[in-house]
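coords_6.txt, holding compact mmCIF, C-alpha atoms:
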# COMPACT_ATOMS: atom_id res chain seq x y z
CA MET A 7 0.00 0.00 0.00
CA ASP A 8 1.45 3.38 -0.92
CA MET A 9 1.96 6.14 1.60
CA GLY A 10 -0.89 8.23 0.18
CA ILE A 11 -3.43 5.48 0.83
CA LYS A 12 -1.99 4.77 4.27
CA ASN A 13 -2.35 8.43 5.15
CA ARG A 14 -5.90 8.51 3.81
CA LEU A 15 -6.88 5.68 6.19
CA ALA A 16 -5.05 7.32 9.08
CA LYS A 17 -6.63 10.70 8.34
CA ARG A 18 -10.12 9.19 8.31
CA ALA A 19 -9.45 7.29 11.54
CA ALA A 20 -8.24 10.52 13.18
CA ARG A 21 -11.80 11.89 12.87
CA GLU A 22 -12.92 9.21 15.34
CA VAL A 23 -10.43 10.34 17.98
CA LYS A 24 -12.18 12.72 20.38
CA GLU A 25 -10.53 15.02 22.87
CA GLY A 26 -10.24 13.48 26.33
CA MET A 27 -9.98 9.91 25.04
CA VAL A 28 -7.36 7.39 26.15
CA VAL A 29 -6.27 5.72 22.90
CA ASN A 30 -4.05 2.74 22.08
CA LEU A 31 -2.68 2.55 18.54
CA GLY A 32 -1.46 -0.62 16.88
CA ILE A 33 1.78 -0.69 14.92
CA GLY A 34 1.82 0.12 11.19
CA ILE A 35 -0.84 2.41 9.68
CA PRO A 36 -2.56 3.15 13.04
CA SER A 37 0.68 4.75 14.25
CA LEU A 38 0.19 7.46 11.56
CA VAL A 39 -3.10 8.65 13.10
CA PRO A 40 -1.58 11.30 15.43
CA ASN A 41 -0.08 13.08 12.38
CA HIS A 42 -3.63 13.94 11.33
CA LEU A 43 -4.83 15.46 14.61
CA PRO A 44 -4.88 19.23 15.12
CA SER A 45 -1.95 20.54 17.16
CA GLY A 46 -2.79 20.92 20.83
CA TYR A 47 -5.53 18.27 20.55
CA GLU A 48 -5.84 16.73 24.02
CA VAL A 49 -5.68 12.95 23.72
CA ILE A 50 -3.78 10.46 25.86
CA PHE A 51 -1.99 7.81 23.81
CA GLN A 52 -1.23 4.69 25.84
CA SER A 53 1.00 1.81 24.86
CA GLU A 54 1.45 -1.80 25.96
CA ASN A 55 5.06 -1.27 27.00
CA GLY A 56 4.03 1.17 29.70
CA ILE A 57 3.75 4.70 28.34
CA VAL A 58 0.75 6.87 29.18
CA GLY A 59 0.91 10.10 27.18
CA ILE A 60 2.98 9.38 24.08
CA GLY A 61 4.04 12.59 22.33
CA ALA A 62 5.43 13.39 18.90
CA ALA A 63 8.36 11.54 17.37
CA PRO A 64 11.60 13.25 18.43
CA ASP A 65 13.81 15.07 15.93
CA LYS A 66 16.53 13.01 14.34
CA GLY A 67 19.53 12.96 16.65
CA SER A 68 17.53 13.55 19.84
CA GLU A 69 15.99 10.07 20.11
CA ASP A 70 16.24 8.29 23.45
CA GLU A 71 16.94 4.56 23.16
CA ASN A 72 14.97 3.96 26.39
CA LEU A 73 11.84 5.72 25.12
CA CYS A 74 10.19 3.76 22.33
CA ASN A 75 6.62 2.82 21.47
CA ALA A 76 5.41 -0.79 21.37
CA GLY A 77 6.67 -1.04 17.78
CA GLY A 78 10.21 -0.08 18.82
CA PHE A 79 10.20 3.41 17.31
CA PRO A 80 11.43 6.43 19.27
CA VAL A 81 8.74 8.63 20.78
CA SER A 82 8.50 11.38 23.38
CA LEU A 83 6.39 11.85 26.50
CA ILE A 84 3.86 14.66 26.81
CA ASN A 85 3.91 17.02 29.74
CA GLY A 86 2.10 15.13 32.52
CA GLY A 87 2.71 11.69 31.01
CA CYS A 88 3.95 8.69 32.98
CA TYR A 89 5.60 5.30 32.73
CA THR A 90 4.28 2.04 34.13
CA ASP A 91 5.34 -1.58 33.99
CA SER A 92 3.68 -3.96 31.51
CA ALA A 93 1.29 -5.40 34.11
CA ALA A 94 -0.13 -1.94 34.88
CA ALA A 95 -0.33 -1.16 31.15
CA PHE A 96 -2.54 -4.22 30.68
CA ALA A 97 -4.48 -3.53 33.86
CA MET A 98 -5.66 -0.36 32.09
CA ILE A 99 -6.56 -2.40 29.02
CA ARG A 100 -8.39 -5.30 30.73
CA ARG A 101 -10.21 -2.95 33.11
CA GLY A 102 -11.78 -1.22 30.11
CA LYS A 103 -10.00 2.09 30.64
CA ILE A 104 -9.02 2.41 26.96
CA ASP A 105 -11.66 4.41 25.06
CA LEU A 106 -10.45 3.53 21.59
CA THR A 107 -8.00 1.18 19.95
CA ILE A 108 -7.08 1.36 16.27
CA LEU A 109 -5.63 -1.86 14.85
CA GLY A 110 -4.64 -3.48 11.60
CA SER A 111 -6.20 -6.81 10.60
CA LEU A 112 -6.01 -9.79 8.26
CA GLN A 113 -9.78 -10.37 8.24
CA VAL A 114 -12.90 -8.92 9.84
CA SER A 115 -16.26 -10.71 9.71
CA GLU A 116 -19.59 -9.00 9.12
CA LYS A 117 -20.39 -9.60 12.80
CA GLY A 118 -17.21 -7.80 13.88
CA ASP A 119 -14.98 -10.79 14.62
CA LEU A 120 -11.31 -9.84 14.37
CA ALA A 121 -8.59 -12.17 13.00
CA ASN A 122 -5.16 -10.56 13.04
CA TRP A 123 -2.61 -12.74 14.80
CA ILE A 124 -1.89 -15.91 12.85
CA ILE A 125 -1.90 -17.43 9.37
CA PRO A 126 -1.60 -21.11 10.27
CA GLY A 127 1.35 -22.77 8.59
CA LYS A 128 2.60 -19.47 7.15
CA LYS A 129 2.97 -16.71 9.64
CA VAL A 130 2.77 -17.10 13.39
CA PRO A 131 3.88 -13.82 14.93
CA GLY A 132 1.84 -14.27 18.12
CA MET A 133 -1.06 -12.22 19.38
CA GLY A 134 0.96 -9.74 21.42
CA GLY A 135 -1.49 -7.42 23.12
CA ALA A 136 -4.19 -7.59 20.44
CA THR A 137 -6.45 -10.15 22.16
CA GLU A 138 -6.82 -8.06 25.28
CA LEU A 139 -7.06 -4.73 23.45
CA ALA A 140 -9.70 -5.99 21.01
CA SER A 141 -11.72 -7.70 23.75
CA LYS A 142 -11.66 -4.87 26.26
CA ALA A 143 -11.27 -1.47 24.60
CA LYS A 144 -14.55 0.47 24.53
CA LYS A 145 -14.27 0.96 20.76
CA VAL A 146 -12.24 -1.00 18.18
CA ILE A 147 -11.51 0.48 14.75
CA VAL A 148 -9.75 -1.59 12.10
CA LEU A 149 -7.65 -0.04 9.34
CA MET A 150 -6.85 -2.46 6.54
CA THR A 151 -6.68 -2.89 2.80
CA HIS A 152 -9.97 -4.00 1.29
CA LEU A 153 -8.32 -6.94 -0.46
CA ASP A 154 -5.46 -9.25 0.51
CA LYS A 155 -2.51 -9.84 -1.79
CA TYR A 156 -4.43 -12.61 -3.59
CA HIS A 157 -7.24 -10.08 -4.25
CA HIS A 158 -9.59 -11.76 -1.78
CA SER A 159 -11.94 -9.66 0.31
CA LYS A 160 -10.68 -9.16 3.87
CA LEU A 161 -14.19 -8.23 4.95
CA VAL A 162 -15.75 -11.70 5.12
CA LYS A 163 -18.90 -13.54 6.15
CA GLU A 164 -16.95 -15.72 8.60
CA CYS A 165 -13.25 -15.43 9.35
CA SER A 166 -11.33 -18.41 7.98
CA LEU A 167 -8.31 -17.42 10.10
CA PRO A 168 -8.20 -18.04 13.86
CA LEU A 169 -9.90 -15.23 15.76
CA THR A 170 -8.16 -12.67 17.92
CA ALA A 171 -11.46 -11.67 19.55
CA LYS A 172 -15.16 -12.15 18.77
CA GLN A 173 -17.66 -9.41 17.85
CA CYS A 174 -15.42 -6.58 18.95
CA VAL A 175 -14.97 -4.35 15.86
CA SER A 176 -17.27 -1.36 15.50
CA MET A 177 -15.72 0.39 12.49
CA ILE A 178 -13.63 -0.72 9.51
CA ILE A 179 -11.79 1.78 7.33
CA THR A 180 -10.38 0.34 4.10
CA ASP A 181 -8.88 1.95 1.01
CA ARG A 182 -12.38 1.76 -0.57
CA GLY A 183 -14.72 2.95 2.14
CA VAL A 184 -15.87 3.10 5.75
CA PHE A 185 -18.14 0.55 7.40
CA THR A 186 -19.74 0.48 10.82
CA ILE A 187 -20.91 -2.56 12.76
CA ASP A 188 -23.73 -1.91 15.16
CA LYS A 189 -25.72 -4.70 16.81
CA GLY A 190 -24.25 -7.22 14.39
CA ARG A 191 -25.20 -5.15 11.34
CA LEU A 192 -22.48 -4.16 8.87
CA THR A 193 -23.22 -0.87 7.10
CA LEU A 194 -21.34 1.05 4.43
CA ILE A 195 -21.35 4.72 5.44
CA GLU A 196 -18.67 6.28 3.23
CA VAL A 197 -17.26 5.52 -0.20
CA PHE A 198 -13.76 6.67 -1.11
CA ARG A 199 -13.50 8.04 -4.64
CA PRO A 200 -12.79 6.79 -7.29
CA TYR A 201 -14.61 3.66 -6.06
CA SER A 202 -18.38 3.21 -6.47
CA ILE A 203 -20.86 1.34 -4.30
CA GLU A 204 -21.09 -1.25 -7.05
CA GLU A 205 -17.32 -1.78 -7.08
CA ILE A 206 -17.30 -2.11 -3.31
CA ASN A 207 -20.18 -4.58 -3.51
CA ASN A 208 -18.32 -6.66 -6.08
CA SER A 209 -15.13 -6.73 -4.04
CA THR A 210 -16.67 -7.50 -0.63
CA GLU A 211 -17.49 -11.02 0.52
CA ALA A 212 -19.39 -9.87 3.60
CA GLU A 213 -23.06 -8.93 3.33
CA PHE A 214 -23.58 -5.28 4.15
CA PHE A 215 -26.28 -2.64 4.27
CA ILE A 216 -25.85 0.74 2.64
CA SER A 217 -26.52 3.70 4.85
CA PRO A 218 -29.27 5.99 3.52
CA GLN A 219 -26.83 8.83 4.32
CA VAL A 220 -23.89 7.22 2.50
CA THR A 221 -21.39 9.86 1.42
CA TYR A 222 -18.60 10.01 -1.15
CA MET A 223 -15.21 11.18 0.10
CA ASP A 224 -12.14 12.37 -1.78
CA MET B 1 27.64 -2.82 55.17
CA PRO B 2 27.43 -6.61 55.76
CA ALA B 3 28.60 -8.51 52.67
CA HIS B 4 25.17 -10.05 51.98
CA LEU B 5 23.68 -6.57 51.71
CA ASN B 6 26.22 -5.59 49.07
CA LYS B 7 25.24 -7.43 45.93
CA ILE B 8 27.58 -5.78 43.45
CA SER B 9 29.28 -8.52 41.47
CA SER B 10 31.12 -9.12 38.20
CA TYR B 11 30.07 -11.01 35.07
CA GLU B 12 32.77 -13.63 35.64
CA ASN B 13 31.43 -14.30 39.16
CA LEU B 14 27.94 -14.95 37.79
CA LYS B 15 29.02 -17.55 35.23
CA SER B 16 28.43 -20.49 37.59
CA LEU B 17 24.73 -19.55 37.97
CA PHE B 18 24.09 -20.47 34.34
CA PHE B 19 23.83 -24.02 33.01
CA ASN B 20 22.45 -25.91 30.02
CA ASN B 21 18.71 -26.71 30.04
CA MET B 22 17.96 -23.98 32.56
CA ILE B 23 14.88 -21.78 32.70
CA LEU B 24 15.80 -18.14 32.12
CA MET B 25 13.44 -15.19 32.44
CA PHE B 26 14.32 -11.83 30.89
CA GLY B 27 13.01 -8.29 31.08
CA GLY B 28 12.48 -6.19 27.96
CA PHE B 29 10.01 -5.36 25.22
CA GLY B 30 11.10 -5.51 21.57
CA GLY B 31 14.71 -5.58 22.74
CA VAL B 32 14.34 -2.33 24.70
CA GLY B 33 15.22 -3.05 28.33
CA THR B 34 16.73 -6.50 27.84
CA PRO B 35 20.09 -6.47 29.69
CA PRO B 36 22.57 -6.37 26.78
CA THR B 37 25.79 -7.28 28.56
CA MET B 38 24.14 -10.25 30.31
CA ILE B 39 22.99 -11.58 26.92
CA THR B 40 26.48 -11.15 25.47
CA SER B 41 27.91 -13.02 28.47
CA ILE B 42 25.44 -15.92 28.21
CA LEU B 43 26.37 -16.20 24.52
CA LYS B 44 30.08 -16.17 25.37
CA TRP B 45 29.69 -18.83 28.08
CA GLY B 46 28.12 -21.23 25.57
CA ILE B 47 24.95 -21.87 27.61
CA ARG B 48 22.42 -23.81 25.51
CA ASP B 49 19.07 -25.65 25.48
CA LEU B 50 17.51 -22.79 27.34
CA THR B 51 13.85 -22.34 28.11
CA ILE B 52 13.31 -18.59 28.00
CA ILE B 53 10.36 -16.59 29.34
CA GLY B 54 9.73 -12.99 28.35
CA ASN B 55 7.52 -10.59 26.41
CA ASP B 56 8.87 -11.35 22.93
CA THR B 57 11.90 -12.71 21.08
CA GLY B 58 13.52 -9.37 20.25
CA PHE B 59 15.39 -9.01 16.98
CA PRO B 60 17.98 -11.43 15.52
CA HIS B 61 20.79 -9.05 16.53
CA ILE B 62 19.21 -7.35 19.53
CA GLY B 63 18.27 -8.58 22.96
CA ILE B 64 17.22 -12.15 23.64
CA GLY B 65 16.92 -12.73 19.88
CA GLN B 66 20.67 -13.29 19.69
CA LEU B 67 20.35 -16.45 21.82
CA ILE B 68 17.71 -17.75 19.40
CA ALA B 69 19.79 -16.82 16.34
CA GLU B 70 22.73 -18.77 17.86
CA ASP B 71 20.47 -21.81 18.44
CA ARG B 72 20.82 -21.74 22.22
CA VAL B 73 17.10 -21.90 22.96
CA LYS B 74 14.82 -24.95 22.89
CA LYS B 75 11.62 -23.38 24.20
CA VAL B 76 10.14 -19.88 24.35
CA ILE B 77 7.19 -18.65 26.41
CA ALA B 78 6.27 -15.22 24.96
CA SER B 79 3.47 -13.11 23.53
CA HIS B 80 5.06 -12.27 20.20
CA ILE B 81 7.87 -13.53 17.95
CA GLY B 82 7.11 -11.42 14.86
CA SER B 83 10.17 -9.15 15.08
CA ASN B 84 12.52 -12.13 14.96
CA PRO B 85 12.14 -14.04 11.66
CA ILE B 86 14.66 -16.65 12.86
CA ALA B 87 12.33 -17.60 15.72
CA GLY B 88 9.43 -17.94 13.28
CA ARG B 89 11.47 -20.12 10.94
CA MET B 90 12.70 -22.37 13.76
CA MET B 91 9.16 -22.71 15.07
CA SER B 92 7.92 -23.80 11.60
CA GLU B 93 10.79 -26.25 11.26
CA GLY B 94 10.04 -27.71 14.67
CA THR B 95 13.41 -26.84 16.20
CA LEU B 96 11.96 -24.26 18.60
CA GLU B 97 8.97 -24.87 20.85
CA VAL B 98 6.86 -21.73 21.31
CA GLU B 99 4.11 -21.21 23.89
CA PHE B 100 2.08 -18.02 23.38
CA SER B 101 0.25 -16.07 26.03
CA PRO B 102 -1.57 -12.80 25.35
CA GLN B 103 0.82 -10.02 26.33
CA GLY B 104 -0.90 -8.80 29.48
CA ILE B 105 -1.71 -12.35 30.58
CA LEU B 106 1.96 -13.22 30.16
CA ALA B 107 2.96 -10.17 32.24
CA GLU B 108 0.45 -11.18 34.89
CA ARG B 109 1.65 -14.82 34.90
CA ILE B 110 5.16 -13.50 35.57
CA ARG B 111 3.81 -11.14 38.21
CA ALA B 112 1.93 -14.03 39.85
CA GLY B 113 5.17 -15.98 40.02
CA GLY B 114 6.79 -12.94 41.58
CA VAL B 115 4.18 -12.32 44.25
CA GLY B 116 3.92 -15.88 45.53
CA LEU B 117 0.70 -16.93 43.80
CA LYS B 118 0.18 -20.10 41.78
CA GLY B 119 -2.03 -18.45 39.16
CA PHE B 120 -5.13 -16.37 38.53
CA LEU B 121 -8.45 -16.40 36.67
CA SER B 122 -9.10 -14.52 33.43
CA GLU B 123 -11.77 -14.50 30.73
CA ILE B 124 -9.27 -13.49 28.00
CA GLY B 125 -9.29 -16.22 25.35
CA ILE B 126 -12.01 -18.27 27.09
CA ASP B 127 -13.62 -19.30 23.77
CA ASP B 128 -10.39 -19.30 21.76
CA PRO B 129 -9.24 -22.84 20.88
CA TYR B 130 -5.59 -21.71 20.83
CA LEU B 131 -5.72 -19.93 24.16
CA ASN B 132 -8.00 -22.22 26.16
CA ASP B 133 -6.25 -25.41 25.04
CA GLY B 134 -5.43 -27.56 28.06
CA LYS B 135 -6.41 -24.90 30.60
CA LYS B 136 -8.79 -25.51 33.49
CA VAL B 137 -12.04 -23.55 33.49
CA ILE B 138 -13.58 -22.26 36.71
CA GLU B 139 -17.06 -20.78 37.01
CA ILE B 140 -17.73 -17.83 39.27
CA GLU B 141 -21.09 -16.05 39.49
CA GLY B 142 -22.22 -17.70 36.27
CA HIS B 143 -19.18 -16.69 34.21
CA SER B 144 -16.39 -18.96 33.01
CA PHE B 145 -12.74 -18.13 33.53
CA LEU B 146 -9.49 -19.74 32.45
CA VAL B 147 -6.95 -20.70 35.09
CA GLU B 148 -3.71 -18.99 34.08
CA THR B 149 -0.71 -20.46 35.84
CA ALA B 150 2.17 -18.51 37.36
CA LEU B 151 5.58 -18.43 35.69
CA SER B 152 8.91 -18.47 37.44
CA ALA B 153 12.48 -19.24 36.50
CA GLN B 154 15.81 -20.34 37.92
CA VAL B 155 17.45 -17.08 36.93
CA GLY B 156 15.90 -13.76 35.94
CA ILE B 157 17.89 -11.03 34.18
CA VAL B 158 16.79 -7.43 34.54
CA PHE B 159 17.89 -4.07 33.15
CA ALA B 160 17.69 -0.98 35.38
CA LYS B 161 18.77 2.63 35.14
CA LYS B 162 20.13 2.79 38.67
CA ALA B 163 20.82 0.28 41.40
CA ASP B 164 22.15 0.84 44.89
CA PRO B 165 24.35 -1.84 46.56
CA PHE B 166 21.31 -3.55 48.16
CA GLY B 167 19.60 -3.75 44.75
CA ASN B 168 16.94 -1.08 45.08
CA LEU B 169 16.10 -0.20 41.50
CA VAL B 170 14.77 2.58 39.35
CA TYR B 171 14.16 2.09 35.66
CA ASP B 172 14.38 4.35 32.63
CA LYS B 173 11.23 5.37 30.76
CA SER B 174 9.83 2.61 28.52
CA ALA B 175 12.82 0.37 29.30
CA ARG B 176 10.94 -0.43 32.52
CA ASN B 177 8.26 -2.59 30.79
CA THR B 178 8.44 -6.18 32.15
CA ASN B 179 11.61 -5.65 34.21
CA PRO B 180 9.98 -4.99 37.62
CA LEU B 181 7.88 -8.16 37.14
CA VAL B 182 10.82 -10.32 36.10
CA ALA B 183 12.83 -8.93 39.02
CA MET B 184 10.44 -10.66 41.45
CA ALA B 185 9.75 -13.93 39.65
CA SER B 186 12.99 -15.93 39.69
CA ASP B 187 14.97 -17.96 42.22
CA ILE B 188 17.96 -15.72 41.47
CA THR B 189 17.59 -12.18 40.15
CA ILE B 190 20.49 -10.50 38.38
CA VAL B 191 20.33 -6.79 37.63
CA GLU B 192 22.39 -5.13 34.93
CA ALA B 193 22.39 -1.45 35.86
CA GLU B 194 23.38 1.53 33.75
CA GLU B 195 24.57 3.20 36.93
CA ILE B 196 25.43 1.84 40.38
CA VAL B 197 24.90 4.46 43.06
CA GLY B 198 25.70 4.61 46.76
CA THR B 199 23.43 3.56 49.60
CA GLY B 200 20.97 6.38 50.27
CA ASP B 201 21.46 7.99 46.88
CA LEU B 202 18.07 6.83 45.59
CA ASP B 203 14.94 8.67 46.69
CA PRO B 204 13.06 6.03 48.73
CA GLU B 205 9.73 7.28 47.33
CA GLU B 206 10.88 6.64 43.78
CA ILE B 207 12.37 3.16 44.09
CA VAL B 208 10.32 0.81 41.89
CA THR B 209 11.83 -2.55 42.88
CA SER B 210 13.03 -3.26 46.40
CA GLY B 211 16.47 -4.80 46.75
CA VAL B 212 14.82 -7.60 48.74
CA PHE B 213 14.09 -9.25 45.37
CA VAL B 214 17.60 -8.76 43.97
CA ASP B 215 20.57 -11.11 44.35
CA TYR B 216 23.33 -9.72 42.12
CA ILE B 217 24.12 -6.40 40.45
CA VAL B 218 26.50 -5.89 37.54
CA PRO B 219 27.37 -2.68 35.66
CA SER B 220 26.08 -2.44 32.09
CA LYS B 221 28.53 -1.97 29.26
CA GLY B 222 25.90 -0.07 27.27
CA VAL B 223 22.71 -0.67 25.34
CA ASP B 224 22.53 -2.34 21.94
CA TRP B 225 19.03 -1.57 20.71
CA LYS B 226 19.49 1.87 19.18
CA TRP B 227 19.51 0.65 15.62
CA ILE B 228 15.98 -0.76 15.77
CA TRP B 229 14.96 2.48 14.13
CA GLU B 230 18.13 3.15 12.16
Write-out of the structure in structure tokens:
Amino acid sequence: MDMGIKNRLAKRAAREVKEGMVVNLGIGIPSLVPNHLPSGYEVIFQSENGIVGIGAAPDKGSEDENLCNAGGFPVSLINGGCYTDSAAAFAMIRRGKIDLTILGSLQVSEKGDLANWIIPGKKVPGMGGATELASKAKKVIVLMTHLDKYHHSKLVKECSLPLTAKQCVSMIITDRGVFTIDKGRLTLIEVFRPYSIEEINNSTEAEFFISPQVTYMD
Amino acid sequence: MPAHLNKISSYENLKSLFFNNMILMFGGFGGVGTPPTMITSILKWGIRDLTIIGNDTGFPHIGIGQLIAEDRVKKVIASHIGSNPIAGRMMSEGTLEVEFSPQGILAERIRAGGVGLKGFLSEIGIDDPYLNDGKKVIEIEGHSFLVETALSAQVGIVFAKKADPFGNLVYDKSARNTNPLVAMASDITIVEAEEIVGTGDLDPEEIVTSGVFVDYIVPSKGVDWKWIWE
């Protein structure tokens, strides 16, 4: 996926981040989300390795090797931020104190099941913190390509890959559009140009409704 | 100070604590906060057939990942091995046994080992065939929970920013991560400290790990994880 598309997904996801939220971002595209928030926007970014209040990436040359996000990249701490150990970081997660998590995924089902930790026989990275984040965050948004590298829909009726967590996803943002899942109902709410509803329909395995207020976005 | 309250040691003195087939627990997250000079020493001493317990398998050239790359490890208990392709390859080939726990459950299993508990109950993964496999289920107030067992090790290696001679520790930013948990969970706890300070030099309100849990302290020869982002 090229950088322009990655930034489009991140920019759209940034609209779901409200001031005052405690937010955990997955590695990859979700980590681009803060770049699309207004400066001075008051959000607390939390990470699994024990940072509460992640700030902007430091300038080249002023990185601190003991201050990295969960993906291993150098970050900074906002004024008023703090460090915890990993057990406390996950206490926040399992206790439901995370308002929003934004994750990547391999598949999402039309009921909101998330499958993002293993491709049996091919890739077994481990679930890391995704099981607990997806199960316990108040809101789970998935950013992913609409199709996998074999051009199969990643938005499916039933996940064929082992699940990370069941019925946990409430929004999916792909390179083709935005879907919500509410009470087990998958709905297309935005279409990204140049795609059409018909093209999205033809490239999506999952059954979905089309919002009466569906909008087209550049 | 009585000798047993002064735990400052040298790498050479610690060599006899390590042996083949041992269970080794390590602090660190993605290489950050894994004691680099301890890893180099274990490599140099030729220790092999290790069972290692920690958050992840680091990178092939950083942190615990070096022990895997040198084929010194037979089993890993971790939450993630994705940053170390060698671990993934060895797992597929059947030369490395890997047991996964969700990251926070793993941290809590280590913490349980460190606080004298045998385990705890959690609903994470209750209906997941990978995560509930072989685990006991207990029902409380109509809800089902998995029994997650405590983890402990023969030796735990920890990275700290500062240690005093008794082993009171403070950590540095996100290099804290699993280190305070690992510091409590092993029969013998070894701390590699960036700085060793005098007794009374640490603010008692800011000490994260009490020296009660620490057995040996060695000075770090410097971190090796800078190039993760370079």
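Put simply, CA of Thr210 in chain A is 22.2 Å away from CA of Asn13 in chain A.
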With all atoms listed in the file as the basis for distance, which of A:Ile57, A:Ala95, A:Ala140, A:Leu167 is at the shortest distance from Ser115 in chain A? A:Leu167
Report as number ranges by chain the set of chain B residues whose atoms approach chain A to within 6 Å, with distances computed over all atoms listed in the file. B: 79-82, 102-104, 107-108, 173-178, 226, 229
Pull the neighbourhood of (13.4, -7.9, 23.7) for me: all residues within 12 Å in file coordinates, counting all atoms listed in the file, as JSON, numbers by chain. {"A": [55, 76, 77, 78], "B": [25, 26, 27, 28, 29, 30, 31, 32, 33, 34, 35, 36, 39, 52, 53, 54, 55, 56, 57, 58, 59, 60, 61, 62, 63, 64, 65, 66, 67, 68, 78, 79, 80, 81, 82, 83, 84, 157, 158, 159, 175, 176, 177, 178, 179, 223, 224, 225, 228]}
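Distance check against Met27 in chain A using all atoms listed in the file: of A:Phe198, A:Tyr222, A:Phe51, A:Phe214, the minimum falls on A:Phe51.
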Do you know which residues are at most 12 Å from Lys44 in chain B counting all atoms listed in the file, after dropping those on the same chain fewer than 6 positions away, and could you put them as a list in words? Tyr11, Glu12, Lys15, Phe18, Thr37, Met38, Gln66, Leu67, Glu70 and Arg72 of chain B
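The shortest atom-to-atom distance to Asp215 in chain B, with only C-alpha atoms taken into account, belongs to B:Gly156 out of B:Gly156, B:Ala193, B:Asp133, B:Ile126.
The two atoms in question, CA of Lys17 in chain A and CA of Val39 in chain A, are spaced 6.3 Å apart.
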Shortest interatomic distance to Ala153 in chain B - which of B:Val98, B:Val197, B:Ala69, B:Ile23, counting only C-alpha atoms: B:Ile23
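For the set B:Asn21, B:Tyr216, B:Glu192, B:Glu139, the residue with the smallest atom-to-atom gap to Ser41 in chain B is B:Glu192, counting all atoms listed in the file.
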